[in-house]
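Trainee: Pasting a structure here, questions to come.
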Amino acid sequence: MPSVPPEAPPQLLLRSVEAFSRALRESSLGVAREVGCSKGAFAIVRILERRGTLQVSDLAHILRVDISVASRQVSQLVDDGLVERAVDHGDRRVRTVRLSPAGRSLAVEIAAVLERRAHEVFADWSPQELLDARATLDRLTATIADLAPAEAVLTPA
C-alpha cells in the first residue's frame, strides 16, 4: 500500500480552518433555530444591529454574496417585519435598510443566546486564551482575505 505523504503545516492549518468554519456554521444555524429565524435572517440582523442602516449592496459585500441574494433575503425580512426600507436623506435615489422594532427585538434575543452560549463554550478558557485566540483568528482572516480577488475583499465586520 503506497504511503500518503504527510501534509505540510499550511495545509494542516487550512484543514483546521475549514473544520472551524463548518463548526461555526452549524453553531450559527443552531442559534438561528433557537430564536426562530433563518440563517440568512440571523446574519443580516446581526450585521444591521452592529452597523446600523446600510444599502443592500453593502450587505451583499459584507455577506460576500451576490446582490441578488442579499436583495432576496432583505425582501423576505421586510415581509417578515424584521427590516424596514428607507430613502437615504443625503441622496434620495439611494435606498437603505435598517432593523424594524421587531428586528431590534430579535437582535437582542440573538445577542442573549450568543452570550449564554459563549459562556458555556468558553467556560474553561482564561481571558488571555480568549484574547490570543481572537488575535490568531483576526490574523487568519486578514491573511486569507488578502488572497481573495480585489473585488471580493471586504472591510472586517
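How things are named: the first chain in the C-alpha cells is A, the next is B, and so on; residues count from 1 in each chain; ligands count from 1 in the order shown.
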For region 18-80 of chain A against region 90-96 of chain A, with a cut-off of 8 Å and counting only C-alpha atoms, what is the closest atom pair and its distance in Å to one decimal for every residue that makes the cut, ordered by chain and number, as JSON lines?
Mentor:
{"residue": "A:Thr53", "atom": "CA", "partner": "A:Thr96", "partner_atom": "CA", "distance": 6.3}
{"residue": "A:Leu54", "atom": "CA", "partner": "A:Thr96", "partner_atom": "CA", "distance": 5.3}
{"residue": "A:Gln55", "atom": "CA", "partner": "A:Thr96", "partner_atom": "CA", "distance": 4.4}
{"residue": "A:Val56", "atom": "CA", "partner": "A:Thr96", "partner_atom": "CA", "distance": 6.6}
Trainee: Got time to write the residues from that selection, N, CA and C atoms, as a compact mmCIF listing (two decimals), in the first residue's frame?
Mentor:
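Output file selection02.txt follows:
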# COMPACT_ATOMS: atom_id res chain seq x y z
N THR A 53 -27.98 51.41 9.64
CA THR A 53 -28.58 51.50 8.32
C THR A 53 -27.54 51.27 7.23
N LEU A 54 -27.89 50.41 6.26
CA LEU A 54 -26.98 50.09 5.16
C LEU A 54 -27.75 49.99 3.85
N GLN A 55 -27.03 50.12 2.76
CA GLN A 55 -27.58 49.80 1.46
C GLN A 55 -27.52 48.28 1.26
N VAL A 56 -28.41 47.74 0.44
CA VAL A 56 -28.40 46.31 0.18
C VAL A 56 -27.07 45.89 -0.43
Trainee: Based on the backbone DSSP call, show me all residues of chain A assigned strand (DSSP E or B), as a ChimeraX atom specification.
Mentor: /A:54,83-87,95-99
Trainee: Would you tabulate, counting only C-alpha atoms, all residues of region 97-137 of chain A that have an atom at most 7 Å from an atom of region 18-40 of chain A, showing the closest pair of atoms and their distance in Å to one decimal, sorted by chain then ascending number, as JSON lines?
Mentor:
{"residue": "A:Glu109", "atom": "CA", "partner": "A:Val35", "partner_atom": "CA", "distance": 6.9}
{"residue": "A:Ile110", "atom": "CA", "partner": "A:Val35", "partner_atom": "CA", "distance": 6.6}
{"residue": "A:Val113", "atom": "CA", "partner": "A:Val31", "partner_atom": "CA", "distance": 6.9}
Trainee: Would you mind telling me which residue in A:Ala107, A:Ala60, A:Ala145, A:Leu77 lies nearest to Leu48 (chain A) when using only C-alpha atoms?
Mentor: A:Ala107
Trainee: Show me, as a PyMOL selection string, the residues that have an atom within 12 Å of Pro101 (chain A) when counting only C-alpha atoms, minus same-chain residues fewer than 3 positions from it.
Mentor: chain A and resi 45+49+78+80-84+98+104-108
Trainee: Could you tell me how far CA of Leu63 (chain A) sits from CA of Leu140 (chain A), in Å to one decimal place?
Mentor: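 We find that CA of Leu140 (chain A) and CA of Leu63 (chain A) lie 17.8 Å from each other.
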Trainee: May I ask for the distance between CA of Ser57 (chain A) and CA of Arg85 (chain A), given in Å to one decimal place?
Mentor: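 Here the two named atoms are 13.2 Å from each other.
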Trainee: Which of these residues is nearest to Val17 (chain A), using only C-alpha atoms: A:Leu137, A:Ile62, A:Ala43, A:Val87?
Mentor: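 Nearest candidate to Val17 (chain A) out of A:Leu137, A:Ile62, A:Ala43, A:Val87: A:Leu137.
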